[in-house]
$ cat upload.csv   # CSV, C-alpha atoms and all ligand atoms
chain,number,residue,atom,x,y,z
A,37,MET,CA,-2.7,9.3,-7.1
A,38,GLU,CA,-5.0,11.2,-4.9
A,39,LYS,CA,-3.5,10.9,-1.5
A,40,SER,CA,-0.4,9.6,0.3
A,41,ILE,CA,-0.6,6.4,2.1
A,42,SER,CA,2.4,7.2,4.2
A,43,SER,CA,0.9,10.4,5.7
A,44,GLU,CA,-2.0,8.3,7.1
A,45,ALA,CA,-0.1,5.4,8.5
A,46,THR,CA,-0.1,5.4,12.3
A,47,ASN,CA,2.7,3.0,13.2
A,48,ASP,CA,5.0,4.9,15.6
A,49,GLY,CA,7.4,2.0,16.0
A,50,ASN,CA,10.2,2.4,18.6
A,51,ALA,CA,13.1,4.8,19.0
A,52,ASN,CA,13.4,5.1,15.2
A,53,GLY,CA,9.9,6.5,15.1
A,54,GLY,CA,8.6,3.9,12.7
A,55,GLY,CA,11.2,5.2,10.1
A,56,ARG,CA,11.7,2.0,8.3
A,57,ILE,CA,8.0,1.3,8.1
A,58,GLN,CA,7.4,4.8,6.7
A,59,GLN,CA,10.1,4.2,4.1
A,60,LEU,CA,8.5,0.9,3.1
A,61,LEU,CA,5.2,2.7,2.7
A,62,HIS,CA,6.9,5.2,0.5
A,63,GLU,CA,8.3,2.3,-1.5
A,64,ALA,CA,4.8,0.9,-1.9
A,65,GLU,CA,3.8,4.4,-3.1
A,66,ARG,CA,6.6,4.4,-5.7
A,67,GLY,CA,5.5,0.9,-6.7
A,68,ARG,CA,1.9,2.2,-7.4
A,69,GLU,CA,3.4,4.9,-9.6
A,70,THR,CA,5.4,2.3,-11.5
A,71,VAL,CA,2.2,0.3,-12.0
A,72,LEU,CA,0.3,3.4,-13.1
A,73,SER,CA,2.9,3.8,-15.9
A,74,SER,CA,1.8,0.4,-17.4
A,75,ARG,CA,0.5,0.1,-20.9
A,76,PHE,CA,-3.0,-0.7,-19.5
A,77,PHE,CA,-3.4,2.8,-18.0
A,78,VAL,CA,-1.7,4.5,-21.0
A,79,GLU,CA,-4.2,2.8,-23.4
A,80,LEU,CA,-7.1,3.5,-21.1
A,81,ARG,CA,-6.3,7.2,-21.2
A,82,LEU,CA,-5.8,7.1,-24.9
A,83,GLY,CA,-9.1,5.3,-25.5
A,84,THR,CA,-7.3,2.5,-27.3
A,85,LEU,CA,-7.8,-0.2,-24.7
A,86,HIS,CA,-10.0,-3.0,-25.8
A,87,ARG,CA,-13.2,-2.5,-23.9
A,88,ARG,CA,-13.8,-6.0,-22.6
A,89,ARG,CA,-10.9,-8.3,-23.1
A,90,TRP,CA,-9.1,-7.4,-19.9
A,91,LEU,CA,-12.1,-8.5,-17.8
A,92,TRP,CA,-11.1,-12.2,-18.3
A,93,GLN,CA,-7.7,-11.4,-16.9
A,94,LEU,CA,-9.2,-9.5,-14.0
A,95,LEU,CA,-11.3,-12.6,-13.2
A,96,HIS,CA,-8.2,-14.7,-13.1
A,97,TRP,CA,-6.4,-12.1,-10.9
A,98,SER,CA,-9.4,-11.6,-8.6
A,99,GLY,CA,-9.4,-15.3,-7.8
A,100,MET,CA,-5.7,-15.5,-7.4
A,101,PHE,CA,-5.5,-12.6,-5.0
A,102,THR,CA,-8.5,-13.8,-3.0
A,103,ARG,CA,-6.8,-17.2,-2.6
A,104,ALA,CA,-3.6,-15.6,-1.4
A,105,LEU,CA,-5.5,-13.7,1.2
A,106,SER,CA,-7.2,-16.9,2.4
A,107,THR,CA,-3.9,-18.6,2.5
A,108,ARG,CA,-2.4,-15.8,4.7
A,109,SER,CA,-5.3,-15.9,7.0
A,110,GLY,CA,-5.5,-19.7,7.2
A,111,LEU,CA,-1.8,-20.1,8.0
A,112,GLY,CA,-2.0,-17.5,10.8
A,113,ARG,CA,1.6,-17.2,11.6
A,114,GLU,CA,1.4,-14.4,14.1
A,115,ASP,CA,-1.6,-14.1,16.4
A,116,ARG,CA,-1.8,-10.3,16.5
A,117,PHE,CA,-2.6,-10.2,12.8
A,118,SER,CA,-5.2,-12.9,12.8
A,119,ASP,CA,-8.3,-10.6,13.1
A,120,VAL,CA,-7.3,-8.2,10.4
A,121,PHE,CA,-6.1,-10.9,8.0
A,122,ALA,CA,-9.3,-12.8,8.5
A,123,GLU,CA,-11.4,-9.6,8.0
A,124,HIS,CA,-9.5,-8.9,4.8
A,125,ALA,CA,-9.9,-12.4,3.5
A,126,SER,CA,-13.6,-12.6,4.2
A,127,GLU,CA,-14.3,-9.2,2.7
A,128,GLU,CA,-12.6,-10.2,-0.6
A,129,ALA,CA,-14.1,-13.7,-0.7
A,130,ARG,CA,-17.2,-12.8,-2.7
A,131,HIS,CA,-15.5,-10.6,-5.3
A,132,PRO,CA,-14.7,-13.3,-7.9
A,133,GLY,CA,-18.4,-14.3,-7.8
A,134,GLN,CA,-19.5,-10.7,-8.1
A,135,LEU,CA,-17.3,-10.2,-11.1
A,136,LYS,CA,-18.6,-13.4,-12.7
A,137,SER,CA,-22.2,-12.2,-12.2
A,138,LEU,CA,-21.4,-8.9,-13.9
A,139,MET,CA,-19.8,-10.7,-16.8
A,140,ARG,CA,-22.7,-13.1,-17.2
A,141,LYS,CA,-25.2,-10.2,-17.2
A,142,SER,CA,-23.0,-8.3,-19.7
A,143,GLY,CA,-23.1,-11.0,-22.3
A,144,PHE,CA,-19.8,-12.7,-21.8
A,145,GLY,CA,-21.4,-16.1,-21.9
A,146,PRO,CA,-20.7,-18.9,-19.5
A,147,VAL,CA,-18.1,-18.1,-16.8
A,148,GLU,CA,-18.6,-21.5,-15.0
A,149,GLU,CA,-16.1,-24.3,-14.9
A,150,GLY,CA,-14.0,-24.6,-17.9
A,151,TRP,CA,-13.8,-20.9,-18.9
A,152,THR,CA,-10.1,-20.8,-18.1
A,153,LEU,CA,-9.4,-23.1,-21.1
A,154,ASP,CA,-10.9,-20.6,-23.5
A,155,HIS,CA,-9.5,-17.6,-21.7
A,156,PRO,CA,-6.2,-18.6,-20.1
A,157,ALA,CA,-4.3,-16.2,-17.8
A,158,THR,CA,-1.3,-14.5,-19.3
A,159,ARG,CA,2.1,-15.6,-18.3
A,160,GLN,CA,2.6,-12.3,-16.5
A,161,THR,CA,-0.7,-12.8,-14.6
A,162,GLU,CA,0.5,-16.2,-13.5
A,163,LYS,CA,3.8,-14.8,-12.5
A,164,LEU,CA,2.3,-12.2,-10.2
A,165,ALA,CA,0.0,-14.8,-8.8
A,166,GLY,CA,3.1,-16.8,-7.9
A,167,VAL,CA,4.7,-13.8,-6.2
A,168,VAL,CA,1.6,-13.1,-4.0
A,169,LYS,CA,1.2,-16.8,-3.2
A,170,ARG,CA,4.7,-17.0,-2.0
A,171,VAL,CA,4.4,-13.9,0.1
A,172,ALA,CA,1.1,-15.1,1.6
A,173,ALA,CA,2.5,-18.5,2.5
A,174,MET,CA,6.1,-17.8,3.4
A,175,GLY,CA,6.7,-14.1,3.7
A,176,SER,CA,7.1,-12.3,7.0
A,177,SER,CA,4.1,-10.3,8.4
A,178,LEU,CA,6.0,-7.2,7.3
A,179,GLU,CA,6.2,-8.4,3.7
A,180,GLN,CA,2.6,-9.6,3.8
A,181,VAL,CA,1.2,-6.3,4.9
A,182,MET,CA,3.4,-4.3,2.5
A,183,VAL,CA,2.9,-6.4,-0.6
A,184,LEU,CA,-0.7,-7.6,-0.2
A,185,ASN,CA,-2.1,-4.5,1.5
A,186,ALA,CA,0.0,-1.3,0.9
A,187,LEU,CA,1.0,-2.2,-2.6
A,188,GLY,CA,-1.7,-4.7,-3.7
A,189,GLU,CA,-4.7,-2.8,-2.4
A,190,GLY,CA,-3.1,0.5,-3.4
A,191,CYS,CA,-2.8,-0.8,-7.0
A,192,ALA,CA,-6.4,-2.1,-6.8
A,193,LEU,CA,-7.7,1.3,-5.7
A,194,ASP,CA,-5.9,3.0,-8.6
A,195,PHE,CA,-7.2,0.3,-11.0
A,196,TYR,CA,-10.9,0.4,-10.0
A,197,GLN,CA,-11.0,4.2,-9.8
A,198,ALA,CA,-9.5,4.4,-13.3
A,199,VAL,CA,-11.8,1.9,-15.0
A,200,LEU,CA,-14.9,3.2,-13.3
A,201,THR,CA,-14.0,6.8,-14.3
A,202,HIS,CA,-13.3,5.8,-17.9
A,203,PHE,CA,-16.1,3.3,-18.6
A,204,GLY,CA,-18.7,4.7,-16.1
A,205,PRO,CA,-21.0,3.0,-13.6
A,206,ARG,CA,-23.6,2.1,-16.2
A,207,GLU,CA,-21.2,-0.2,-18.1
A,208,LEU,CA,-19.5,-1.6,-15.1
A,209,ARG,CA,-22.7,-2.1,-13.2
A,210,GLY,CA,-23.2,-4.3,-10.1
A,211,PRO,CA,-21.4,-4.3,-6.8
A,212,TYR,CA,-18.0,-5.6,-7.9
A,213,PHE,CA,-16.4,-2.4,-9.1
A,214,HIS,CA,-18.2,-0.1,-6.7
A,215,VAL,CA,-17.4,-2.1,-3.6
A,216,HIS,CA,-13.7,-2.1,-4.5
A,217,ALA,CA,-13.6,1.6,-5.1
A,218,GLU,CA,-15.1,2.1,-1.6
A,219,VAL,CA,-13.1,-0.5,0.5
A,220,ASP,CA,-9.7,-0.8,-1.0
A,221,ASP,CA,-8.6,2.5,0.5
A,222,ARG,CA,-9.2,0.9,3.9
A,223,HIS,CA,-7.8,-2.5,2.9
A,224,ARG,CA,-4.4,-0.9,1.9
A,225,LEU,CA,-3.7,0.1,5.5
A,226,LEU,CA,-5.0,-3.0,7.3
A,227,GLY,CA,-2.3,-4.3,9.6
A,228,VAL,CA,0.1,-1.4,9.3
A,229,ASP,CA,-0.4,-0.3,12.9
A,230,LEU,CA,0.4,-3.8,14.1
A,231,LEU,CA,3.8,-4.0,12.5
A,232,ALA,CA,6.9,-3.9,14.7
A,233,GLU,CA,9.8,-1.8,13.6
A,234,PRO,CA,12.0,-4.1,11.3
A,235,VAL,CA,15.7,-4.5,11.7
A,236,GLN,CA,17.9,-3.5,8.8
A,237,TRP,CA,18.0,-6.9,7.0
A,238,GLU,CA,14.2,-7.3,7.3
A,239,TYR,CA,13.8,-3.8,5.9
A,240,GLN,CA,16.1,-4.5,3.0
A,241,ALA,CA,14.5,-7.9,2.2
A,242,CYS,CA,11.0,-6.3,2.3
A,243,ARG,CA,12.1,-3.4,0.1
A,244,GLY,CA,13.4,-5.9,-2.5
A,245,THR,CA,10.2,-8.0,-2.4
A,246,LEU,CA,8.1,-4.8,-2.8
A,247,ARG,CA,10.2,-3.7,-5.8
A,248,GLY,CA,9.9,-7.1,-7.5
A,249,ALA,CA,6.2,-7.3,-6.8
A,250,ALA,CA,5.6,-3.8,-8.3
A,251,GLU,CA,7.5,-4.8,-11.5
A,252,SER,CA,5.4,-7.9,-11.7
A,253,PHE,CA,2.2,-5.9,-11.2
A,254,LYS,CA,3.3,-3.6,-14.0
A,255,ALA,CA,4.2,-6.5,-16.3
A,256,MET,CA,0.8,-8.1,-15.6
A,257,LEU,CA,-1.1,-4.9,-16.6
A,258,ASP,CA,1.1,-4.4,-19.6
A,259,SER,CA,0.0,-7.9,-20.7
A,260,TRP,CA,-3.7,-7.2,-20.2
A,261,ALA,CA,-3.4,-4.4,-22.8
A,262,THR,CA,-1.6,-6.5,-25.4
A,263,TYR,CA,-2.5,-10.1,-25.2
A,264,GLU,CA,-4.3,-11.6,-28.2
A,265,LEU,CA,-7.1,-14.1,-28.3
A,266,ASP,CA,-10.3,-14.6,-30.2
A,267,LEU,CA,-13.2,-13.2,-28.4
A,268,PRO,CA,-16.1,-15.7,-28.3
A,269,LYS,CA,-19.0,-14.8,-30.5
A,270,GLU,CA,-21.5,-14.7,-27.5
A,271,GLU,CA,-19.8,-11.5,-26.3
A,272,ALA,CA,-21.5,-9.7,-29.2
A,273,GLY,CA,-24.3,-8.7,-26.8
A,274,TRP,CA,-22.0,-6.0,-25.3
A,275,SER,CA,-20.5,-4.5,-28.3
A,276,PRO,CA,-18.6,-1.2,-27.8
A,277,PRO,CA,-18.8,1.6,-30.3
A,278,SER,CA,-16.6,0.7,-33.3
A,279,SER,CA,-14.3,3.7,-32.7
A,280,GLU,CA,-13.3,2.1,-29.4
A,281,THR,CA,-12.7,-1.4,-30.6
A,282,ARG,CA,-9.3,-2.5,-31.7
B,1,FE,FE,-9.6,-5.1,-1.4

$ encode --input "upload.csv" --output "structure tokens" --more "lines below"
Ligand SMILES: [Fe+2]
Amino acid sequence: MEKSISSEATNDGNANGGGRIQQLLHEAERGRETVLSSRFFVELRLGTLHRRRWLWQLLHWSGMFTRALSTRSGLGREDRFSDVFAEHASEEARHPGQLKSLMRKSGFGPVEEGWTLDHPATRQTEKLAGVVKRVAAMGSSLEQVMVLNALGEGCALDFYQAVLTHFGPRELRGPYFHVHAEVDDRHRLLGVDLLAEPVQWEYQACRGTLRGAAESFKAMLDSWATYELDLPKEEAGWSPPSSETR
């Protein structure tokens, strides 16, 4: 991980000096480290990760995360967050379409209605989608910022930087990966400066939610490295070198 989120956060809080918020930001950092230990990143480093299969899961996850952000913005539970939550939701809204465009141009075949039947989300991807949906709809603003921004966007930053570095901008062409690598560093801190210092039980509840979400993130990325399905023949247009195909 290149830099510390907690050293950049500017929430000064009250007499506790924002101590609990800083601790939660540290917890989000630990969560990112947990996620970075997933099998996806291990196999990426070893060069044994299947070169294309995970993109279908990323397409599922991209839509699920975007919908969670829209839900959070649409429900608008606290006025002071409405601008940053709306900004975040609108900046993510085009990403699933950008990823579809990349996949279409890269020979993945149709990614229109019905593709989910041929390429279902893994159980672990669905589980994390449930976690972020619940946080977006029913979590406190503290949980929403910590899970969806500090952890979720922190993990996204790690993910996009890792795959771009590994596969290169020529293979992962188009705006989708490059936009993420540029903006997720800003997205992960959106709303942090608007948080009020939590009381003890709010802090503990948020810490538990963060830990659970980090484990679900890791499980999801583990599953992206291991799930099995028959790749459709039309993907042959983007064949990797045989040494990198499992
Ligand atoms: Fe983002």

$ atom_distance --input "upload.csv" --atom1 "atom CA of Arg56 of chain A" --atom2 "atom CA of Ala173 of chain A"
23.2 Å

$ residues_around --input "upload.csv" --residues "Tyr212 of chain A" --least-positions-apart "6" --cutoff "9 Å" --atoms "all atoms listed in the file" --output "PDB file with C-alpha atoms, keeping the file's coordinate frame"
ATOM      1  CA  ARG A 130     -17.200 -12.800  -2.700  1.00  0.00           C
ATOM      2  CA  HIS A 131     -15.500 -10.600  -5.300  1.00  0.00           C
ATOM      3  CA  PRO A 132     -14.700 -13.300  -7.900  1.00  0.00           C
ATOM      4  CA  GLY A 133     -18.400 -14.300  -7.800  1.00  0.00           C
ATOM      5  CA  GLN A 134     -19.500 -10.700  -8.100  1.00  0.00           C
ATOM      6  CA  LEU A 135     -17.300 -10.200 -11.100  1.00  0.00           C
ATOM      7  CA  SER A 137     -22.200 -12.200 -12.200  1.00  0.00           C
ATOM      8  CA  LEU A 138     -21.400  -8.900 -13.900  1.00  0.00           C
TER       9      LEU A 138
END

$ atom_distance --input "upload.csv" --atom1 "atom CA of Leu226 of chain A" --atom2 "atom CA of Val120 of chain A"
6.5 Å

$ atom_distance --input "upload.csv" --atom1 "atom CA of Glu148 of chain A" --atom2 "atom CA of Leu200 of chain A"
25.0 Å

$ residues_near_ligand --input "upload.csv" --ligand "ligand FE 1 (chain B)" --cutoff "6 Å" --atoms "all atoms listed in the file" --output "list in words"
Glu128, Glu189, His216, Asp220 and His223 of chain A

$ closest_residue --input "upload.csv" --among "A:Leu111, A:Thr102, A:Leu72, A:Arg66" --to "Ala255 of chain A" --atoms "all atoms listed in the file"
A:Leu72

$ residues_around --input "upload.csv" --residues "Val199 of chain A" --least-positions-apart "4" --cutoff "9 Å" --atoms "all atoms listed in the file" --output "PyMOL selection string"
chain A and resi 77+80+194-195+203-204+208+213

$ closest_residue --input "upload.csv" --among "A:Arg89, A:Asn185, A:Pro205, A:Arg108" --to "Ala217 of chain A" --atoms "all atoms listed in the file"
A:Pro205

$ closest_residue --input "upload.csv" --among "A:Ser176, A:His202, A:Asp119, A:Val183" --to "Arg224 of chain A" --atoms "only C-alpha atoms"
A:Val183

$ residues_around --input "upload.csv" --residues "Ala186 of chain A" --least-positions-apart "6" --cutoff "7 Å" --atoms "only C-alpha atoms" --output "PyMOL selection string"
chain A and resi 61+64+224-225

$ residues_near_point --input "upload.csv" --point "(-3.4, -9.9, 13.7)" --cutoff "12 Å" --atoms "all atoms listed in the file" --output "MDAnalysis selection string"
chainID A and resid 108:124 177:178 180:181 226:232

$ residues_around --input "upload.csv" --residues "Ala250 of chain A" --least-positions-apart "4" --cutoff "7 Å" --atoms "only C-alpha atoms" --output "list in words"
Gly67, Thr70, Val71, Leu246 and Lys254 of chain A

$ decode --input "upload.csv" --residues "segment 191-233 of chain A" --atoms "N, CA and C atoms" --output "compact mmCIF listing (two decimals), in the first residue's frame"
# COMPACT_ATOMS: atom_id res chain seq x y z
N CYS A 191 -9.88 -0.48 -1.26
CA CYS A 191 -9.68 -1.77 -1.92
C CYS A 191 -9.72 -1.61 -3.44
N ALA A 192 -10.63 -0.75 -3.92
CA ALA A 192 -10.71 -0.52 -5.36
C ALA A 192 -9.40 0.06 -5.88
N LEU A 193 -8.85 1.01 -5.13
CA LEU A 193 -7.58 1.62 -5.53
C LEU A 193 -6.49 0.55 -5.62
N ASP A 194 -6.39 -0.30 -4.61
CA ASP A 194 -5.39 -1.36 -4.63
C ASP A 194 -5.61 -2.30 -5.81
N PHE A 195 -6.87 -2.63 -6.05
CA PHE A 195 -7.21 -3.58 -7.11
C PHE A 195 -6.83 -3.03 -8.49
N TYR A 196 -7.29 -1.81 -8.78
CA TYR A 196 -7.06 -1.26 -10.13
C TYR A 196 -5.59 -0.99 -10.37
N GLN A 197 -4.89 -0.52 -9.35
CA GLN A 197 -3.46 -0.30 -9.52
C GLN A 197 -2.74 -1.62 -9.79
N ALA A 198 -3.15 -2.67 -9.09
CA ALA A 198 -2.47 -3.98 -9.24
C ALA A 198 -2.72 -4.57 -10.63
N VAL A 199 -3.98 -4.55 -11.09
CA VAL A 199 -4.23 -5.18 -12.39
C VAL A 199 -3.66 -4.34 -13.54
N LEU A 200 -3.68 -3.02 -13.38
CA LEU A 200 -3.10 -2.18 -14.43
C LEU A 200 -1.59 -2.39 -14.51
N THR A 201 -0.95 -2.48 -13.35
CA THR A 201 0.50 -2.71 -13.33
C THR A 201 0.82 -4.06 -13.94
N HIS A 202 0.02 -5.08 -13.62
CA HIS A 202 0.31 -6.43 -14.08
C HIS A 202 0.02 -6.61 -15.58
N PHE A 203 -1.18 -6.22 -16.00
CA PHE A 203 -1.59 -6.50 -17.38
C PHE A 203 -1.19 -5.38 -18.35
N GLY A 204 -1.03 -4.16 -17.82
CA GLY A 204 -0.60 -3.06 -18.67
C GLY A 204 -1.77 -2.33 -19.30
N PRO A 205 -1.56 -1.06 -19.65
CA PRO A 205 -2.64 -0.22 -20.18
C PRO A 205 -3.08 -0.63 -21.58
N ARG A 206 -2.26 -1.38 -22.31
CA ARG A 206 -2.65 -1.76 -23.65
C ARG A 206 -3.75 -2.84 -23.59
N GLU A 207 -3.56 -3.78 -22.70
CA GLU A 207 -4.56 -4.85 -22.59
C GLU A 207 -5.83 -4.34 -21.91
N LEU A 208 -5.66 -3.54 -20.86
CA LEU A 208 -6.83 -3.01 -20.16
C LEU A 208 -7.09 -1.59 -20.67
N ARG A 209 -7.36 -1.50 -21.96
CA ARG A 209 -7.50 -0.19 -22.57
C ARG A 209 -8.89 0.38 -22.31
N GLY A 210 -9.04 1.67 -22.60
CA GLY A 210 -10.33 2.32 -22.38
C GLY A 210 -10.33 3.03 -21.04
N PRO A 211 -11.36 3.85 -20.81
CA PRO A 211 -11.35 4.71 -19.62
C PRO A 211 -11.58 3.97 -18.31
N TYR A 212 -12.17 2.78 -18.33
CA TYR A 212 -12.63 2.18 -17.07
C TYR A 212 -11.51 2.04 -16.04
N PHE A 213 -10.44 1.37 -16.37
CA PHE A 213 -9.38 1.11 -15.39
C PHE A 213 -8.60 2.38 -15.06
N HIS A 214 -8.40 3.22 -16.04
CA HIS A 214 -7.59 4.42 -15.81
C HIS A 214 -8.33 5.44 -14.95
N VAL A 215 -9.64 5.57 -15.20
CA VAL A 215 -10.42 6.51 -14.38
C VAL A 215 -10.39 6.06 -12.92
N HIS A 216 -10.55 4.76 -12.70
CA HIS A 216 -10.54 4.25 -11.33
C HIS A 216 -9.21 4.54 -10.64
N ALA A 217 -8.14 4.26 -11.34
CA ALA A 217 -6.82 4.46 -10.73
C ALA A 217 -6.63 5.92 -10.35
N GLU A 218 -7.28 6.83 -11.09
CA GLU A 218 -7.11 8.26 -10.82
C GLU A 218 -8.02 8.75 -9.69
N VAL A 219 -9.28 8.31 -9.67
CA VAL A 219 -10.24 8.96 -8.77
C VAL A 219 -10.49 8.21 -7.46
N ASP A 220 -10.16 6.93 -7.38
CA ASP A 220 -10.51 6.19 -6.17
C ASP A 220 -9.75 6.68 -4.94
N ASP A 221 -8.58 7.26 -5.16
CA ASP A 221 -7.83 7.82 -4.04
C ASP A 221 -8.61 8.99 -3.42
N ARG A 222 -9.31 9.73 -4.24
CA ARG A 222 -10.15 10.83 -3.73
C ARG A 222 -11.45 10.27 -3.15
N HIS A 223 -12.03 9.28 -3.83
CA HIS A 223 -13.30 8.70 -3.36
C HIS A 223 -13.17 8.11 -1.96
N ARG A 224 -12.02 7.56 -1.63
CA ARG A 224 -11.91 6.85 -0.34
C ARG A 224 -11.97 7.81 0.85
N LEU A 225 -11.77 9.09 0.62
CA LEU A 225 -11.84 10.04 1.74
C LEU A 225 -13.08 10.92 1.70
N LEU A 226 -13.95 10.71 0.70
CA LEU A 226 -15.16 11.54 0.60
C LEU A 226 -16.02 11.35 1.85
N GLY A 227 -16.38 12.44 2.47
CA GLY A 227 -17.28 12.38 3.63
C GLY A 227 -16.59 12.25 4.96
N VAL A 228 -15.30 11.93 4.98
CA VAL A 228 -14.61 11.73 6.27
C VAL A 228 -14.62 13.01 7.10
N ASP A 229 -14.41 14.14 6.45
CA ASP A 229 -14.35 15.42 7.19
C ASP A 229 -15.71 15.87 7.70
N LEU A 230 -16.78 15.21 7.28
CA LEU A 230 -18.13 15.59 7.73
C LEU A 230 -18.60 14.74 8.91
N LEU A 231 -17.83 13.73 9.27
CA LEU A 231 -18.27 12.81 10.33
C LEU A 231 -18.13 13.45 11.71
N ALA A 232 -19.14 13.20 12.55
CA ALA A 232 -19.05 13.61 13.95
C ALA A 232 -18.36 12.50 14.73
N GLU A 233 -17.69 12.88 15.80
CA GLU A 233 -17.01 11.88 16.63
C GLU A 233 -18.04 10.89 17.19
